[in-house]
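In what follows, a single structure is set out as structure tokens and then discussed.
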Amino acid sequence: VTSTREYIYVRFKAQPRSPVIAFLRITAGPHKAFDLNVTHTTVSDNGGRGVAIDNLRSSLHIHHSEISNNNHIAGVHVTSGAGDVNVTHSRITFNHGDGVNITYYGGHKNVSRSSLSRNEGFGLSVWLNQTSKDRAEFLPVNQTTIIEYSRIIGNLEVGILHGNYCGDFWVNITGNFFNESISNGVDIQTCWFDKQDGKKLKLQIGHNDFQHSHKISIIISPALNIDGIIEYNHFY
């Protein structure tokens, strides 16, 4: 649980007449706490992942850093948990896997003014865990993905792949430069189920340049439960 307000309410629920052992850790300060902060750092030539974080609870912050030529799964790999992932002014290139792979319950994801290029997997892949609502370990406060003013060039798989999520979530892809995408440039997957009580994906794709794509620049599948605007993009 993270908050920038004065009060935090935490509720525990357990089975009747069952023993419960609970641990509560509180971190207080003027700003949101980082699970991991990587700033002005070079992470390269590792046999495994470059930056890896499991069970995210607050936020991962990568700023003005270079993450390259790491040899397993992804340059930046987030697995499980819920929280914010922020990548700004960074170069994530030549990794033997995805550039950035985010596989967790959700939160706010921002990639801005960065380069995700020449990776041997996806440039950015986002997978949101939603297999069991009754036994979810983490609850995301919001589901938002923003990719803006970045360069996505020459990745072996899809430049930006966003997996499906059934519920309200927002995806904004604005002002990016896509070049030499070996596969599709942008692949957005949406919820297949018909009964969503008005909950939809809000999608904005605008002011992007797509050059020399080997396949489809923008693909949306299955294009259900979505309010989308695609505008002012250039395709060469």
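Going through the structure tokens in order, the chains are called A, B, and so on, while each chain numbers its residues from 1 and the ligands are numbered from 1 in the order shown.
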Closest contacts (region 112-200 of chain A/region 44-60 of chain A, max 12 Å, only C-alpha atoms) as a Markdown table:
| residue | atom | partner | partner_atom | distance |
| --- | --- | --- | --- | --- |
| A:Glu137 | CA | A:Asn55 | CA | 9.6 |
| A:Phe138 | CA | A:Arg57 | CA | 8.4 |
| A:Leu139 | CA | A:Arg57 | CA | 9.9 |
| A:Pro140 | CA | A:Arg57 | CA | 9.6 |
| A:Val141 | CA | A:Ser58 | CA | 10.8 |
For this session: Name the residues in contact with Ala74 (chain A) at a cut-off of 10 Å, using only C-alpha atoms, excluding same-chain residues fewer than 5 positions from it; report them as JSON, numbers by chain.
Result: {"A": [48, 49, 50, 51, 52, 67, 68, 69, 92, 94, 95, 96, 97, 98, 99, 100, 101, 102, 119, 120, 121, 122, 123, 124, 125]}
Give me, as a Markdown table, each residue of region 63-179 of chain A that comes within 9 Å of region 186-198 of chain A, together with its shortest interatomic pair and the distance in Å at one decimal, counting only C-alpha atoms, with rows ordered by chain and rising residue number.
| residue | atom | partner | partner_atom | distance |
| --- | --- | --- | --- | --- |
| A:Val158 | CA | A:Val186 | CA | 6.5 |
| A:Gly159 | CA | A:Val186 | CA | 5.9 |
| A:Ile160 | CA | A:Val186 | CA | 4.8 |
| A:Leu161 | CA | A:Asp187 | CA | 4.8 |
| A:His162 | CA | A:Ile188 | CA | 5.1 |
| A:Gly163 | CA | A:Gln189 | CA | 5.1 |
| A:Asn164 | CA | A:Thr190 | CA | 4.5 |
| A:Tyr165 | CA | A:Cys191 | CA | 5.7 |
| A:Cys166 | CA | A:Cys191 | CA | 5.0 |
| A:Gly167 | CA | A:Gln196 | CA | 6.8 |
| A:Asp168 | CA | A:Gly198 | CA | 8.6 |
Problem set entry | All strand (DSSP E or B) residues (DSSP, backbone) inside region 8-54 of chain A, as a ChimeraX atom specification | /A:36-39,42-44,51-54
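The coordinates place CA of Phe34 (chain A) at 12.6 Å from CA of His63 (chain A).
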For this session: Give the answer as one residue: which of A:Thr27, A:Thr93, A:Asn172, A:Asn208 has the shortest atom-to-atom distance to Thr42 (chain A), using only C-alpha atoms?
Result: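 Of the candidates, the smallest distance to Thr42 (chain A) is held by A:Thr93.
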